Amino acid sequence: MRERGNLTKYAALATIGCAAICCWQLRAHAKDASDFPEGFDAVQAAPDSHKIIFENSLVRVLEVPIPMVGKPEPMHHHRWPGVFLHWDTGGKTPHIRYHRADGSVRDIPSNEAPLHPGVWVASWMDPEPLHWVETLDSGSGQGPPYIRVELKMAP
């Protein structure tokens with residue numbers, strides 16, 4: 001019986017420790033509010049490519065398709081960190097360019113991956129200041145949209 005009590009204490013301490021680390025990480029990723037001007041929230045500025053599928057006081061879940069070739073997203077930002085999820089089945093990925101407000105561009109060329117049964121892929125996303133995305137080549141075609149789970153917190 002005593003072992004069970006110790007196990008419960010250790011589990012409680014581990015849970016508190018994990019929660020503290022998560023809170024510390026979220027605070028570390030917070031950005032200055034000036035990086036996120038009013039009116040440029042992704043849902044407001046790019047409503048065709050950022051649709052809310054769930055929202056409460058803690059999280060906002062967005063459906064985010066890859067922009068169609070020739071139809072770039074408008075300039076927008078994501079003020080909260082979160083997780084980006086997509087269903088990966090292999091094949092040729094889209095070739096996109098990620099444009100920042102300062103004029104710099106990150107080119108993300110397509111790559112060819114063998115086809116495979118679908119798997120969920122999750123990536124951590126820090127808050128993203130003003131940017132827009134264009135697709136140069138849709139790869140294997142317009143796949144299912146990405147899901148972005150934003151963790152609401154004060155910038």
# chains A, B, ... in the order shown; residues from 1 in each chain; ligands from 1
call {"tool": "residues_around", "arguments": {"residues": "range 36-38 of chain A", "least_positions_apart": "4", "cutoff": "8 Å", "atoms": "only C-alpha atoms", "output": "PyMOL selection string"}}
result
chain A and resi 32+77-79+129-130
call {"tool": "residues_around", "arguments": {"residues": "Ser138 in chain A", "least_positions_apart": "5", "cutoff": "8 Å", "atoms": "only C-alpha atoms", "output": "PDB file with C-alpha atoms, in the first residue's frame"}}
result
ATOM      1  CA  MET A  68      -3.451  26.893 -55.068  1.00  0.00           C
ATOM      2  CA  VAL A  69      -0.817  27.689 -57.708  1.00  0.00           C
ATOM      3  CA  THR A  93       5.315  17.583 -52.104  1.00  0.00           C
ATOM      4  CA  PRO A  94       4.321  21.112 -53.176  1.00  0.00           C
ATOM      5  CA  HIS A  95       7.017  23.670 -53.989  1.00  0.00           C
TER       6      HIS A  95
END
call {"tool": "residues_around", "arguments": {"residues": "Ile147 in chain A", "least_positions_apart": "3", "cutoff": "10 Å", "atoms": "only C-alpha atoms", "output": "NGL selection string"}}
result
:A and (50-53 or 61-65 or 83-87 or 122 or 144 or 150)
call {"tool": "write_last_selection", "arguments": {"atoms": "N, CA and C atoms", "output": "mmCIF file, in the first residue's frame"}}
result
data_model
loop_
_atom_site.group_PDB
_atom_site.id
_atom_site.type_symbol
_atom_site.label_atom_id
_atom_site.label_comp_id
_atom_site.auth_asym_id
_atom_site.auth_seq_id
_atom_site.Cartn_x
_atom_site.Cartn_y
_atom_site.Cartn_z
ATOM 1 N N HIS A 50 -7.560 30.092 -43.982
ATOM 2 C CA HIS A 50 -7.487 29.845 -42.542
ATOM 3 C C HIS A 50 -8.897 29.836 -41.966
ATOM 4 N N LYS A 51 -9.455 28.651 -41.835
ATOM 5 C CA LYS A 51 -10.820 28.515 -41.334
ATOM 6 C C LYS A 51 -10.808 27.916 -39.930
ATOM 7 N N ILE A 52 -11.536 28.550 -39.018
ATOM 8 C CA ILE A 52 -11.635 28.044 -37.645
ATOM 9 C C ILE A 52 -12.554 26.822 -37.643
ATOM 10 N N ILE A 53 -12.047 25.708 -37.098
ATOM 11 C CA ILE A 53 -12.909 24.525 -36.944
ATOM 12 C C ILE A 53 -13.221 24.257 -35.471
ATOM 13 N N VAL A 61 -8.244 26.006 -33.362
ATOM 14 C CA VAL A 61 -7.880 24.981 -34.334
ATOM 15 C C VAL A 61 -8.286 25.487 -35.711
ATOM 16 N N LEU A 62 -7.292 25.549 -36.607
ATOM 17 C CA LEU A 62 -7.520 26.059 -37.952
ATOM 18 C C LEU A 62 -7.330 24.978 -39.000
ATOM 19 N N GLU A 63 -8.126 25.043 -40.040
ATOM 20 C CA GLU A 63 -7.930 24.231 -41.230
ATOM 21 C C GLU A 63 -7.165 25.118 -42.215
ATOM 22 N N VAL A 64 -5.994 24.637 -42.669
ATOM 23 C CA VAL A 64 -5.109 25.460 -43.498
ATOM 24 C C VAL A 64 -4.688 24.672 -44.744
ATOM 25 N N PRO A 65 -5.361 24.891 -45.884
ATOM 26 C CA PRO A 65 -4.925 24.212 -47.102
ATOM 27 C C PRO A 65 -3.680 24.886 -47.686
ATOM 28 N N VAL A 83 0.836 23.525 -32.827
ATOM 29 C CA VAL A 83 1.230 22.302 -33.506
ATOM 30 C C VAL A 83 0.561 22.286 -34.875
ATOM 31 N N PHE A 84 1.341 21.929 -35.894
ATOM 32 C CA PHE A 84 0.864 21.816 -37.266
ATOM 33 C C PHE A 84 0.763 20.331 -37.578
ATOM 34 N N LEU A 85 -0.395 19.868 -38.014
ATOM 35 C CA LEU A 85 -0.617 18.452 -38.302
ATOM 36 C C LEU A 85 -0.982 18.277 -39.774
ATOM 37 N N HIS A 86 -0.433 17.242 -40.401
ATOM 38 C CA HIS A 86 -0.909 16.897 -41.740
ATOM 39 C C HIS A 86 -0.839 15.394 -41.963
ATOM 40 N N TRP A 87 -1.678 14.937 -42.878
ATOM 41 C CA TRP A 87 -1.792 13.524 -43.224
ATOM 42 C C TRP A 87 -0.864 13.275 -44.393
ATOM 43 N N ALA A 122 3.331 15.655 -37.142
ATOM 44 C CA ALA A 122 3.122 16.831 -36.296
ATOM 45 C C ALA A 122 4.416 17.625 -36.214
ATOM 46 N N PRO A 144 -5.270 16.877 -48.507
ATOM 47 C CA PRO A 144 -6.134 17.368 -47.431
ATOM 48 C C PRO A 144 -5.467 18.547 -46.736
ATOM 49 N N GLU A 150 -3.453 26.169 -32.378
ATOM 50 C CA GLU A 150 -2.752 27.293 -31.755
ATOM 51 C C GLU A 150 -3.075 27.321 -30.261
#
call {"tool": "select_by_dssp", "arguments": {"residues": "range 17-154 of chain A", "states": "strand (DSSP E or B)", "output": "number ranges by chain"}}
result
A: 41, 51-55, 59-64, 76-78, 82-88, 91-92, 95-100, 105-108, 112-113, 119-125, 128-137, 146-151
call {"tool": "atom_distance", "arguments": {"atom1": "CA of Phe40 in chain A", "atom2": "CA of Arg97 in chain A"}}
result
19.2 Å
call {"tool": "closest_atom_pairs", "arguments": {"of": "range 56-118 of chain A", "to": "range 134-137 of chain A", "cutoff": "12 Å", "atoms": "only C-alpha atoms", "output": "JSON lines"}}
result
{"residue": "A:Pro65", "atom": "CA", "partner": "A:Thr135", "partner_atom": "CA", "distance": 11.0}
{"residue": "A:Ile66", "atom": "CA", "partner": "A:Thr135", "partner_atom": "CA", "distance": 7.3}
{"residue": "A:Pro67", "atom": "CA", "partner": "A:Thr135", "partner_atom": "CA", "distance": 5.9}
{"residue": "A:Met68", "atom": "CA", "partner": "A:Thr135", "partner_atom": "CA", "distance": 6.2}
{"residue": "A:Val69", "atom": "CA", "partner": "A:Thr135", "partner_atom": "CA", "distance": 4.9}
{"residue": "A:Gly70", "atom": "CA", "partner": "A:Thr135", "partner_atom": "CA", "distance": 7.0}
{"residue": "A:Lys71", "atom": "CA", "partner": "A:Glu134", "partner_atom": "CA", "distance": 7.0}
{"residue": "A:Pro72", "atom": "CA", "partner": "A:Glu134", "partner_atom": "CA", "distance": 4.3}
{"residue": "A:Glu73", "atom": "CA", "partner": "A:Glu134", "partner_atom": "CA", "distance": 6.5}
{"residue": "A:Pro74", "atom": "CA", "partner": "A:Glu134", "partner_atom": "CA", "distance": 9.3}
{"residue": "A:Met75", "atom": "CA", "partner": "A:Glu134", "partner_atom": "CA", "distance": 10.7}
{"residue": "A:Lys92", "atom": "CA", "partner": "A:Asp137", "partner_atom": "CA", "distance": 9.7}
{"residue": "A:Thr93", "atom": "CA", "partner": "A:Asp137", "partner_atom": "CA", "distance": 8.6}
{"residue": "A:Pro94", "atom": "CA", "partner": "A:Asp137", "partner_atom": "CA", "distance": 5.5}
{"residue": "A:His95", "atom": "CA", "partner": "A:Asp137", "partner_atom": "CA", "distance": 5.0}
{"residue": "A:Ile96", "atom": "CA", "partner": "A:Thr135", "partner_atom": "CA", "distance": 4.3}
{"residue": "A:Arg97", "atom": "CA", "partner": "A:Glu134", "partner_atom": "CA", "distance": 5.4}
{"residue": "A:Tyr98", "atom": "CA", "partner": "A:Glu134", "partner_atom": "CA", "distance": 6.8}
{"residue": "A:His99", "atom": "CA", "partner": "A:Glu134", "partner_atom": "CA", "distance": 8.0}
{"residue": "A:Arg100", "atom": "CA", "partner": "A:Glu134", "partner_atom": "CA", "distance": 11.6}
{"residue": "A:Val105", "atom": "CA", "partner": "A:Glu134", "partner_atom": "CA", "distance": 10.6}
{"residue": "A:Arg106", "atom": "CA", "partner": "A:Glu134", "partner_atom": "CA", "distance": 10.8}
{"residue": "A:Asp107", "atom": "CA", "partner": "A:Glu134", "partner_atom": "CA", "distance": 9.9}
{"residue": "A:Ile108", "atom": "CA", "partner": "A:Thr135", "partner_atom": "CA", "distance": 9.6}
{"residue": "A:Pro109", "atom": "CA", "partner": "A:Asp137", "partner_atom": "CA", "distance": 8.9}
{"residue": "A:Ser110", "atom": "CA", "partner": "A:Asp137", "partner_atom": "CA", "distance": 7.8}
{"residue": "A:Asn111", "atom": "CA", "partner": "A:Asp137", "partner_atom": "CA", "distance": 11.0}
